[in-house]
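**Q** File query-v1.pdb below, PDB, C-alpha atoms:
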ATOM      1  CA  MET A  23     -29.786  73.247  -4.957
ATOM      2  CA  ALA A  24     -29.490  70.547  -7.608
ATOM      3  CA  SER A  25     -26.319  69.193  -6.051
ATOM      4  CA  ALA A  26     -28.000  69.119  -2.658
ATOM      5  CA  THR A  27     -30.886  67.135  -4.155
ATOM      6  CA  ARG A  28     -28.495  64.674  -5.821
ATOM      7  CA  GLY A  29     -26.642  64.319  -2.496
ATOM      8  CA  ALA A  30     -29.879  63.512  -0.710
ATOM      9  CA  HIS A  31     -30.783  60.851  -3.306
ATOM     10  CA  GLY A  32     -27.279  59.379  -3.092
ATOM     11  CA  ALA A  33     -27.469  59.151   0.672
ATOM     12  CA  LYS A  34     -30.869  57.480   0.356
ATOM     13  CA  ASP A  35     -29.491  54.919  -2.148
ATOM     14  CA  LEU A  36     -26.522  54.156   0.086
ATOM     15  CA  SER A  37     -28.824  53.751   3.061
ATOM     16  CA  SER A  38     -31.044  51.411   1.059
ATOM     17  CA  ALA A  39     -28.052  49.348  -0.128
ATOM     18  CA  SER A  40     -26.761  49.138   3.427
ATOM     19  CA  ARG A  41     -30.119  47.901   4.630
ATOM     20  CA  GLN A  42     -30.251  45.272   1.861
ATOM     21  CA  ALA A  43     -26.708  44.126   2.646
ATOM     22  CA  GLY A  44     -27.585  43.938   6.291
ATOM     23  CA  ASP A  45     -30.709  41.943   5.512
ATOM     24  CA  SER A  46     -28.765  39.487   3.320
ATOM     25  CA  THR A  47     -26.097  39.109   6.050
ATOM     26  CA  ALA A  48     -28.795  38.528   8.604
ATOM     27  CA  GLN A  49     -30.475  35.905   6.416
ATOM     28  CA  ARG A  50     -27.230  34.065   5.625
ATOM     29  CA  PRO A  51     -26.451  31.365   8.210
ATOM     30  CA  SER A  52     -23.182  31.526  10.069
ATOM     31  CA  LEU A  53     -20.150  29.419   9.122
ATOM     32  CA  MET A  54     -20.619  27.097  12.085
ATOM     33  CA  ALA A  55     -24.290  26.645  11.225
ATOM     34  CA  ARG A  56     -23.375  25.743   7.630
ATOM     35  CA  ILE A  57     -20.710  23.289   8.835
ATOM     36  CA  GLY A  58     -23.196  21.745  11.240
ATOM     37  CA  ASN A  59     -25.786  21.425   8.482
ATOM     38  CA  HIS A  60     -23.201  19.840   6.169
ATOM     39  CA  MET A  61     -22.052  17.346   8.801
ATOM     40  CA  SER A  62     -25.623  16.385   9.680
ATOM     41  CA  ARG A  63     -26.306  15.572   6.029
ATOM     42  CA  TYR A  64     -23.008  13.852   5.099
ATOM     43  CA  TRP A  65     -21.678  12.445   8.395
ATOM     44  CA  GLN A  66     -21.748   8.901   7.005
ATOM     45  CA  LEU A  67     -19.313   9.849   4.209
ATOM     46  CA  TRP A  68     -16.994  11.645   6.633
ATOM     47  CA  LEU A  69     -17.080   8.640   8.972
ATOM     48  CA  MET A  70     -16.108   6.265   6.161
ATOM     49  CA  SER A  71     -13.249   8.501   5.012
ATOM     50  CA  LEU A  72     -11.929   9.092   8.555
ATOM     51  CA  PRO A  73      -9.598   6.016   8.693
ATOM     52  CA  ALA A  74      -8.047   6.997   5.340
ATOM     53  CA  MET A  75      -7.577  10.587   6.526
ATOM     54  CA  ILE A  76      -5.904   9.395   9.735
ATOM     55  CA  PHE A  77      -3.667   7.044   7.750
ATOM     56  CA  VAL A  78      -2.575   9.783   5.348
ATOM     57  CA  GLY A  79      -2.024  12.279   8.149
ATOM     58  CA  LEU A  80      -0.008   9.799  10.211
ATOM     59  CA  PHE A  81       2.208   8.398   7.474
ATOM     60  CA  ALA A  82       2.356  11.282   4.957
ATOM     61  CA  TYR A  83       2.246  14.520   6.957
ATOM     62  CA  VAL A  84       3.723  13.666  10.376
ATOM     63  CA  PRO A  85       7.038  12.430   8.822
ATOM     64  CA  MET A  86       7.399  15.855   7.154
ATOM     65  CA  TYR A  87       8.683  17.048  10.525
ATOM     66  CA  GLY A  88      11.939  15.311   9.643
ATOM     67  CA  ILE A  89      12.480  17.443   6.521
ATOM     68  CA  GLN A  90      14.285  20.024   8.669
ATOM     69  CA  LEU A  91      17.132  17.520   8.922
ATOM     70  CA  ALA A  92      18.166  18.583   5.396
ATOM     71  CA  PHE A  93      18.977  22.054   6.749
ATOM     72  CA  ARG A  94      20.715  21.030  10.003
ATOM     73  CA  GLU A  95      23.838  19.240  11.175
ATOM     74  CA  PHE A  96      22.432  16.038  12.587
ATOM     75  CA  VAL A  97      23.482  15.334  16.146
ATOM     76  CA  PRO A  98      22.128  11.972  17.361
ATOM     77  CA  GLY A  99      21.864  13.081  20.984
ATOM     78  CA  ALA A 100      20.069  16.360  20.116
ATOM     79  CA  GLY A 101      17.322  14.878  17.970
ATOM     80  CA  LEU A 102      15.922  16.149  14.667
ATOM     81  CA  SER A 103      15.733  19.797  15.707
ATOM     82  CA  GLY A 104      18.807  19.996  17.932
ATOM     83  CA  GLY A 105      21.590  20.333  15.344
ATOM     84  CA  LYS A 106      23.120  23.541  14.005
ATOM     85  CA  PHE A 107      21.213  25.240  11.157
ATOM     86  CA  VAL A 108      23.367  25.136   7.997
ATOM     87  CA  GLY A 109      20.939  26.321   5.302
ATOM     88  CA  PHE A 110      21.463  24.816   1.857
ATOM     89  CA  LYS A 111      24.904  23.386   2.616
ATOM     90  CA  TYR A 112      23.973  19.771   1.822
ATOM     91  CA  PHE A 113      22.091  20.706  -1.346
ATOM     92  CA  ILE A 114      25.157  22.579  -2.653
ATOM     93  CA  GLN A 115      27.364  19.654  -1.631
ATOM     94  CA  PHE A 116      25.167  17.315  -3.688
ATOM     95  CA  PHE A 117      25.059  19.620  -6.737
ATOM     96  CA  ASN A 118      28.867  19.884  -6.681
ATOM     97  CA  SER A 119      29.493  16.189  -6.087
ATOM     98  CA  PRO A 120      31.080  14.170  -8.950
ATOM     99  CA  GLN A 121      28.191  11.658  -8.836
ATOM    100  CA  PHE A 122      25.508  14.297  -9.486
ATOM    101  CA  ASP A 123      25.447  14.090 -13.305
ATOM    102  CA  ASP A 124      25.549  10.294 -13.428
ATOM    103  CA  LEU A 125      22.831   9.960 -10.794
ATOM    104  CA  ILE A 126      20.462  12.352 -12.572
ATOM    105  CA  ILE A 127      21.077  10.769 -15.998
ATOM    106  CA  ASN A 128      20.616   7.224 -14.691
ATOM    107  CA  THR A 129      17.490   8.162 -12.749
ATOM    108  CA  ILE A 130      15.870   9.964 -15.677
ATOM    109  CA  ARG A 131      16.763   7.175 -18.118
ATOM    110  CA  VAL A 132      15.357   4.400 -15.931
ATOM    111  CA  SER A 133      12.314   6.366 -14.764
ATOM    112  CA  LEU A 134      11.346   8.054 -18.032
ATOM    113  CA  GLY A 135      11.541   4.805 -20.008
ATOM    114  CA  THR A 136       9.415   3.064 -17.404
ATOM    115  CA  LEU A 137       6.940   5.964 -17.441
ATOM    116  CA  VAL A 138       6.530   5.988 -21.235
ATOM    117  CA  LEU A 139       6.371   2.221 -21.760
ATOM    118  CA  GLY A 140       4.361   1.681 -18.602
ATOM    119  CA  PHE A 141       1.830   4.259 -19.774
ATOM    120  CA  ILE A 142       1.401   3.070 -23.363
ATOM    121  CA  ALA A 143       1.479  -0.717 -22.866
ATOM    122  CA  PRO A 144      -1.616  -0.981 -20.570
ATOM    123  CA  ILE A 145      -3.646   1.120 -23.019
ATOM    124  CA  ILE A 146      -2.754  -1.158 -25.938
ATOM    125  CA  LEU A 147      -3.416  -4.272 -23.844
ATOM    126  CA  ALA A 148      -6.812  -2.951 -22.702
ATOM    127  CA  LEU A 149      -7.828  -2.120 -26.283
ATOM    128  CA  LEU A 150      -6.830  -5.618 -27.446
ATOM    129  CA  ILE A 151      -8.573  -7.404 -24.575
ATOM    130  CA  ASN A 152     -11.698  -5.344 -25.208
ATOM    131  CA  GLN A 153     -11.839  -6.719 -28.760
ATOM    132  CA  ILE A 154     -11.916 -10.358 -27.576
ATOM    133  CA  ALA A 155     -15.434 -11.644 -28.166
ATOM    134  CA  GLY A 156     -15.579 -14.768 -25.962
ATOM    135  CA  LYS A 157     -16.185 -14.072 -22.278
ATOM    136  CA  ARG A 158     -14.150 -17.068 -21.068
ATOM    137  CA  THR A 159     -11.251 -16.253 -23.359
ATOM    138  CA  LYS A 160     -11.300 -12.644 -22.184
ATOM    139  CA  SER A 161     -11.292 -13.708 -18.512
ATOM    140  CA  PHE A 162      -8.428 -16.142 -19.150
ATOM    141  CA  VAL A 163      -6.306 -13.496 -20.874
ATOM    142  CA  GLN A 164      -7.003 -10.974 -18.109
ATOM    143  CA  THR A 165      -6.048 -13.478 -15.387
ATOM    144  CA  ILE A 166      -2.805 -14.422 -17.145
ATOM    145  CA  THR A 167      -1.786 -10.783 -17.574
ATOM    146  CA  TYR A 168      -2.697  -9.840 -13.975
ATOM    147  CA  MET A 169      -0.687 -12.649 -12.323
ATOM    148  CA  PRO A 170       2.867 -11.170 -12.548
ATOM    149  CA  HIS A 171       1.685  -8.137 -10.559
ATOM    150  CA  PHE A 172       1.280 -10.315  -7.446
ATOM    151  CA  ILE A 173       4.793 -11.751  -7.569
ATOM    152  CA  SER A 174       7.147 -10.124  -5.070
ATOM    153  CA  THR A 175      10.046  -7.993  -6.254
ATOM    154  CA  VAL A 176      12.590 -10.419  -4.793
ATOM    155  CA  VAL A 177      11.124 -13.326  -6.792
ATOM    156  CA  ILE A 178      10.967 -11.218  -9.963
ATOM    157  CA  VAL A 179      14.651 -10.286  -9.684
ATOM    158  CA  SER A 180      15.557 -13.934  -8.993
ATOM    159  CA  MET A 181      13.658 -14.942 -12.148
ATOM    160  CA  ILE A 182      15.504 -12.261 -14.143
ATOM    161  CA  ASN A 183      18.850 -13.602 -12.904
ATOM    162  CA  ILE A 184      17.886 -17.188 -13.815
ATOM    163  CA  PHE A 185      16.540 -16.289 -17.263
ATOM    164  CA  LEU A 186      19.578 -14.155 -18.140
ATOM    165  CA  ALA A 187      22.239 -16.449 -16.681
ATOM    166  CA  PRO A 188      25.022 -16.944 -19.289
ATOM    167  CA  ASN A 189      24.976 -20.337 -21.083
ATOM    168  CA  SER A 190      22.178 -21.773 -18.918
ATOM    169  CA  GLY A 191      19.336 -19.243 -18.739
ATOM    170  CA  MET A 192      16.295 -19.331 -21.020
ATOM    171  CA  ILE A 193      17.471 -16.130 -22.711
ATOM    172  CA  GLY A 194      21.095 -16.050 -21.565
ATOM    173  CA  ARG A 195      22.007 -19.220 -23.507
ATOM    174  CA  PHE A 196      21.548 -17.292 -26.748
ATOM    175  CA  LEU A 197      24.102 -14.705 -25.602
ATOM    176  CA  GLY A 198      26.929 -17.169 -24.974
ATOM    177  CA  GLU A 199      29.433 -16.092 -22.338
ATOM    178  CA  THR A 200      28.053 -12.530 -22.191
ATOM    179  CA  ASN A 201      26.581 -11.551 -18.828
ATOM    180  CA  ILE A 202      23.962  -9.034 -19.917
ATOM    181  CA  LEU A 203      23.179  -8.057 -16.305
ATOM    182  CA  GLY A 204      26.787  -6.930 -16.013
ATOM    183  CA  ASN A 205      26.422  -4.473 -18.886
ATOM    184  CA  PRO A 206      25.610  -0.930 -17.611
ATOM    185  CA  ASP A 207      23.976   0.033 -20.925
ATOM    186  CA  ALA A 208      21.603  -2.939 -20.783
ATOM    187  CA  PHE A 209      20.416  -2.303 -17.229
ATOM    188  CA  ALA A 210      17.723   0.292 -18.125
ATOM    189  CA  PRO A 211      16.130  -1.726 -20.994
ATOM    190  CA  ILE A 212      15.985  -4.840 -18.795
ATOM    191  CA  TYR A 213      14.328  -2.793 -16.058
ATOM    192  CA  TRP A 214      11.767  -1.270 -18.496
ATOM    193  CA  ILE A 215      10.784  -4.595 -20.063
ATOM    194  CA  THR A 216      10.388  -6.425 -16.771
ATOM    195  CA  GLU A 217       8.377  -3.552 -15.260
ATOM    196  CA  VAL A 218       5.985  -3.581 -18.229
ATOM    197  CA  TRP A 219       5.663  -7.372 -18.074
ATOM    198  CA  GLN A 220       4.929  -7.325 -14.333
ATOM    199  CA  HIS A 221       2.446  -4.435 -14.136
ATOM    200  CA  CYS A 222       0.951  -4.054 -17.621
ATOM    201  CA  GLY A 223      -2.041  -6.343 -16.977
ATOM    202  CA  TRP A 224      -2.843  -4.828 -13.605
ATOM    203  CA  ASN A 225      -2.631  -1.252 -14.867
ATOM    204  CA  SER A 226      -4.958  -2.059 -17.774
ATOM    205  CA  ILE A 227      -7.857  -2.680 -15.355
ATOM    206  CA  ILE A 228      -8.817   0.985 -15.134
ATOM    207  CA  TYR A 229      -8.869   1.320 -18.934
ATOM    208  CA  LEU A 230     -11.006  -1.812 -19.254
ATOM    209  CA  ALA A 231     -13.406  -0.316 -16.711
ATOM    210  CA  ALA A 232     -13.625   2.859 -18.812
ATOM    211  CA  LEU A 233     -14.203   0.807 -21.982
ATOM    212  CA  ALA A 234     -16.966  -1.167 -20.247
ATOM    213  CA  GLY A 235     -18.962   2.058 -20.016
ATOM    214  CA  VAL A 236     -19.084   2.583 -23.775
ATOM    215  CA  ASP A 237     -22.609   2.618 -25.183
ATOM    216  CA  THR A 238     -22.939  -0.505 -27.368
ATOM    217  CA  SER A 239     -25.134   1.422 -29.790
ATOM    218  CA  LEU A 240     -22.002   3.320 -30.826
ATOM    219  CA  TYR A 241     -20.364   0.052 -31.925
ATOM    220  CA  GLU A 242     -23.496  -1.024 -33.797
ATOM    221  CA  ALA A 243     -23.830   2.334 -35.541
ATOM    222  CA  ALA A 244     -20.157   2.283 -36.520
ATOM    223  CA  LYS A 245     -20.444  -1.284 -37.873
ATOM    224  CA  MET A 246     -23.475  -0.303 -39.933
ATOM    225  CA  ASP A 247     -21.335   2.453 -41.437
ATOM    226  CA  GLY A 248     -18.749  -0.169 -42.403
ATOM    227  CA  ALA A 249     -16.189   0.384 -39.634
ATOM    228  CA  GLY A 250     -13.657  -2.397 -39.066
ATOM    229  CA  ARG A 251     -11.985  -3.353 -35.752
ATOM    230  CA  LEU A 252      -9.209  -0.807 -36.062
ATOM    231  CA  GLN A 253     -11.703   1.938 -36.893
ATOM    232  CA  LEU A 254     -13.844   0.940 -33.884
ATOM    233  CA  ILE A 255     -10.761   1.312 -31.689
ATOM    234  CA  ARG A 256      -9.799   4.614 -33.280
ATOM    235  CA  TYR A 257     -13.187   6.337 -33.339
ATOM    236  CA  VAL A 258     -14.999   4.775 -30.337
ATOM    237  CA  ASP A 259     -12.581   3.216 -27.834
ATOM    238  CA  ILE A 260      -9.720   5.725 -27.828
ATOM    239  CA  PRO A 261     -11.915   8.853 -27.417
ATOM    240  CA  THR A 262     -13.665   7.074 -24.514
ATOM    241  CA  ILE A 263     -10.507   6.425 -22.510
ATOM    242  CA  LEU A 264      -8.694   9.686 -23.311
ATOM    243  CA  PRO A 265      -9.817  11.503 -20.083
ATOM    244  CA  THR A 266      -8.688   8.493 -18.019
ATOM    245  CA  CYS A 267      -5.352   8.480 -19.860
ATOM    246  CA  GLY A 268      -4.887  12.178 -19.073
ATOM    247  CA  ILE A 269      -5.526  11.744 -15.348
ATOM    248  CA  LEU A 270      -3.193   8.730 -15.051
ATOM    249  CA  LEU A 271      -0.458  10.494 -17.015
ATOM    250  CA  ILE A 272      -0.630  13.477 -14.652
ATOM    251  CA  LEU A 273      -0.424  11.177 -11.616
ATOM    252  CA  ASN A 274       2.516   9.280 -13.121
ATOM    253  CA  MET A 275       4.354  12.531 -13.799
ATOM    254  CA  GLY A 276       4.470  13.040 -10.038
ATOM    255  CA  SER A 277       7.026  10.230  -9.800
ATOM    256  CA  VAL A 278       9.145  10.977 -12.853
ATOM    257  CA  LEU A 279      12.318  10.798 -10.708
ATOM    258  CA  GLY A 280      10.825   8.347  -8.238
ATOM    259  CA  VAL A 281      12.445   5.119  -9.339
ATOM    260  CA  GLY A 282      11.542   2.281  -7.014
ATOM    261  CA  PHE A 283      14.380   1.394  -4.657
ATOM    262  CA  GLU A 284      13.926  -2.336  -4.109
ATOM    263  CA  LYS A 285      14.136  -3.638  -7.652
ATOM    264  CA  VAL A 286      17.015  -1.400  -8.730
ATOM    265  CA  TYR A 287      18.986  -2.265  -5.604
ATOM    266  CA  LEU A 288      18.433  -6.010  -6.057
ATOM    267  CA  MET A 289      19.431  -5.862  -9.743
ATOM    268  CA  GLN A 290      22.622  -3.943  -9.006
ATOM    269  CA  ASN A 291      26.033  -5.583  -9.108
ATOM    270  CA  SER A 292      29.603  -4.323  -9.219
ATOM    271  CA  LEU A 293      29.699  -4.553 -13.043
ATOM    272  CA  ASN A 294      26.562  -2.509 -13.843
ATOM    273  CA  LEU A 295      26.878   0.025 -11.016
ATOM    274  CA  SER A 296      27.809   2.901 -13.345
ATOM    275  CA  GLY A 297      24.452   2.510 -15.127
ATOM    276  CA  SER A 298      22.269   1.370 -12.235
ATOM    277  CA  GLU A 299      23.071   3.851  -9.468
ATOM    278  CA  VAL A 300      19.968   6.071  -9.117
ATOM    279  CA  LEU A 301      18.846   8.645  -6.553
ATOM    280  CA  SER A 302      16.895   6.207  -4.383
ATOM    281  CA  THR A 303      19.781   3.738  -4.013
ATOM    282  CA  PHE A 304      22.269   6.576  -3.467
ATOM    283  CA  VAL A 305      20.071   8.014  -0.688
ATOM    284  CA  TYR A 306      19.975   4.587   0.985
ATOM    285  CA  LYS A 307      23.741   4.197   0.816
ATOM    286  CA  MET A 308      24.429   7.717   2.086
ATOM    287  CA  GLY A 309      21.812   7.607   4.842
ATOM    288  CA  LEU A 310      21.716   4.110   6.283
ATOM    289  CA  VAL A 311      25.085   2.719   5.178
ATOM    290  CA  SER A 312      27.316   5.807   5.576
ATOM    291  CA  ASN A 313      25.242   7.432   8.363
ATOM    292  CA  GLN A 314      25.100  10.815   6.549
ATOM    293  CA  TYR A 315      21.477  11.466   7.490
ATOM    294  CA  SER A 316      21.347  15.192   6.705
ATOM    295  CA  TYR A 317      22.994  14.723   3.303
ATOM    296  CA  SER A 318      20.653  11.890   2.295
ATOM    297  CA  THR A 319      17.613  13.870   3.501
ATOM    298  CA  ALA A 320      18.665  16.832   1.341
ATOM    299  CA  ILE A 321      18.997  14.587  -1.739
ATOM    300  CA  ASN A 322      15.615  13.008  -1.135
ATOM    301  CA  LEU A 323      13.992  16.424  -0.611
ATOM    302  CA  PHE A 324      15.493  17.633  -3.893
ATOM    303  CA  ASN A 325      14.017  14.556  -5.599
ATOM    304  CA  THR A 326      10.587  15.246  -4.087
ATOM    305  CA  VAL A 327      10.584  18.914  -5.136
ATOM    306  CA  ILE A 328      11.464  17.989  -8.742
ATOM    307  CA  ASN A 329       8.650  15.418  -8.820
ATOM    308  CA  PHE A 330       6.209  17.989  -7.440
ATOM    309  CA  LEU A 331       7.188  20.525 -10.118
ATOM    310  CA  PHE A 332       6.675  17.912 -12.856
ATOM    311  CA  LEU A 333       3.244  17.135 -11.422
ATOM    312  CA  ILE A 334       2.204  20.807 -11.419
ATOM    313  CA  ILE A 335       3.479  21.387 -14.970
ATOM    314  CA  ALA A 336       1.796  18.247 -16.335
ATOM    315  CA  ASN A 337      -1.474  19.192 -14.646
ATOM    316  CA  GLN A 338      -1.427  22.705 -16.124
ATOM    317  CA  VAL A 339      -0.526  21.452 -19.612
ATOM    318  CA  ALA A 340      -3.311  18.858 -19.534
ATOM    319  CA  LYS A 341      -5.753  21.457 -18.218
ATOM    320  CA  ARG A 342      -5.025  23.831 -21.083
ATOM    321  CA  ALA A 343      -4.801  21.132 -23.777
ATOM    322  CA  SER A 344      -7.795  18.929 -22.963
ATOM    323  CA  ASN A 345      -9.557  20.552 -19.989
ATOM    324  CA  THR A 346      -8.580  17.493 -17.919
ATOM    325  CA  SER A 347      -6.844  17.979 -14.585
ATOM    326  CA  ILE A 348      -6.733  16.682 -11.035
ATOM    327  CA  PHE A 349      -6.961  20.140  -9.411
TER     328      PHE A 349
END
As structure tokens, how would this structure be written, given the file I've shared?
**A**
Amino acid sequence: MASATRGAHGAKDLSSASRQAGDSTAQRPSLMARIGNHMSRYWQLWLMSLPAMIFVGLFAYVPMYGIQLAFREFVPGAGLSGGKFVGFKYFIQFFNSPQFDDLIINTIRVSLGTLVLGFIAPIILALLINQIAGKRTKSFVQTITYMPHFISTVVIVSMINIFLAPNSGMIGRFLGETNILGNPDAFAPIYWITEVWQHCGWNSIIYLAALAGVDTSLYEAAKMDGAGRLQLIRYVDIPTILPTCGILLILNMGSVLGVGFEKVYLMQNSLNLSGSEVLSTFVYKMGLVSNQYSYSTAINLFNTVINFLFLIIANQVAKRASNTSIF
């Protein structure tokens, strides 16, 4: 009897819960209704972002169709999808090639040095510019440091060749007959220094924007407590820009093996080739010079996957360490 009573109460509770669930489902608008409501409220934002979405889709996602070339024998008459499927043949060929070790070492050396110096230098420059009191002086310094960013890569490399020319260049005359651009060991440092010089001022803009948002009362309170300039930087400025630094570091980690092609290729010569051959220049030579399209696509895909893994790892580390992440 008791069990029958409990069964009746249980059935009643279930019936009541079902009715409540049904009521909540009935009250909740459908997915299409919610999408329609969202679009009616934010259609202006979607309209403004539409050109950017089309651009990204057209130039970032549509070309992904060609990735299959890394797994096929390319036949010009059959198109991208007409060749025989060969699996990971070209990846294995690259891993077993005698150039593999040198390419990876050169790429990591050039890219990692650029990443570290290119990340630290804009922060230091922004902190120094932020300490300049005069508005005109600050604007002048900012303009001078921004200008190299707008010089084309071809002109920059020409300037490097003129400055480092043996016996006649501004720097090369101090080195005598030594052609420093012909030294494979000197290629990476020259690349790092010139990259920092060209882009340091431009990359400091985002840090200066973050520093502009600092509450001035913090500076005044710190000065009243006897803080000097270095202590203002340490206790006010650096904590302010740390989240921005974290985001930019994560984004830069996505191109840890993505050395720019143009500048490296223009700085290459027969003497420094053993230290200047990187993945991007090797892909160009294999693909467009030697017509090995499938092989070069496989190398480039390997490079992209490694960069993606670095991005994911850096994002997770930053998320756990400082609760800062991009996704």
**Q** Which is closer to Gln153 of chain A than all the others in A:Val286, A:Val339, A:Ile166, A:Leu233, using all atoms listed in the file?
**A**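 Looking only at the distances to Gln153 of chain A, the closest residue turns out to be A:Leu233.
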**Q** Which residue is closest to Ser174 of chain A? Choose from A:Ile145, A:Phe110, A:Asn201, A:Glu284 and count all atoms listed in the file.
**A** A:Glu284
**Q** Measure the distance from atom CA of Ser298 of chain A to atom CA of Phe332 of chain A in Å and round it to one decimal.
**A**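 Calculated distance between atom CA of Ser298 of chain A and atom CA of Phe332 of chain A is 22.7 Å.
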**Q** Check which residues satisfy the PyMOL selection byres ((chain A and resi 231) around 12) in the file shown, then give them as a PyMOL selection string.
**A** chain A and resi 145+148-149+151-152+224-230+232-236+259+262-263+266
**Q** Which is closest to Asn183 of chain A among A:Leu203, A:Cys222, A:Val97, A:Val84, if we use all atoms listed in the file?
**A**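 Going through A:Leu203, A:Cys222, A:Val97, A:Val84 one by one, the smallest distance to Asn183 of chain A is for A:Leu203.
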**Q** Give me, please, the distance in Å between atom CA of Met246 of chain A and atom CA of Val163 of chain A, quoted to one decimal.
**A** 28.8 Å
**Q** Check what the PyMOL selection byres ((chain A and resi 215) around 12) selects in the file above and give those residues as a count of residues only.
**A** 23
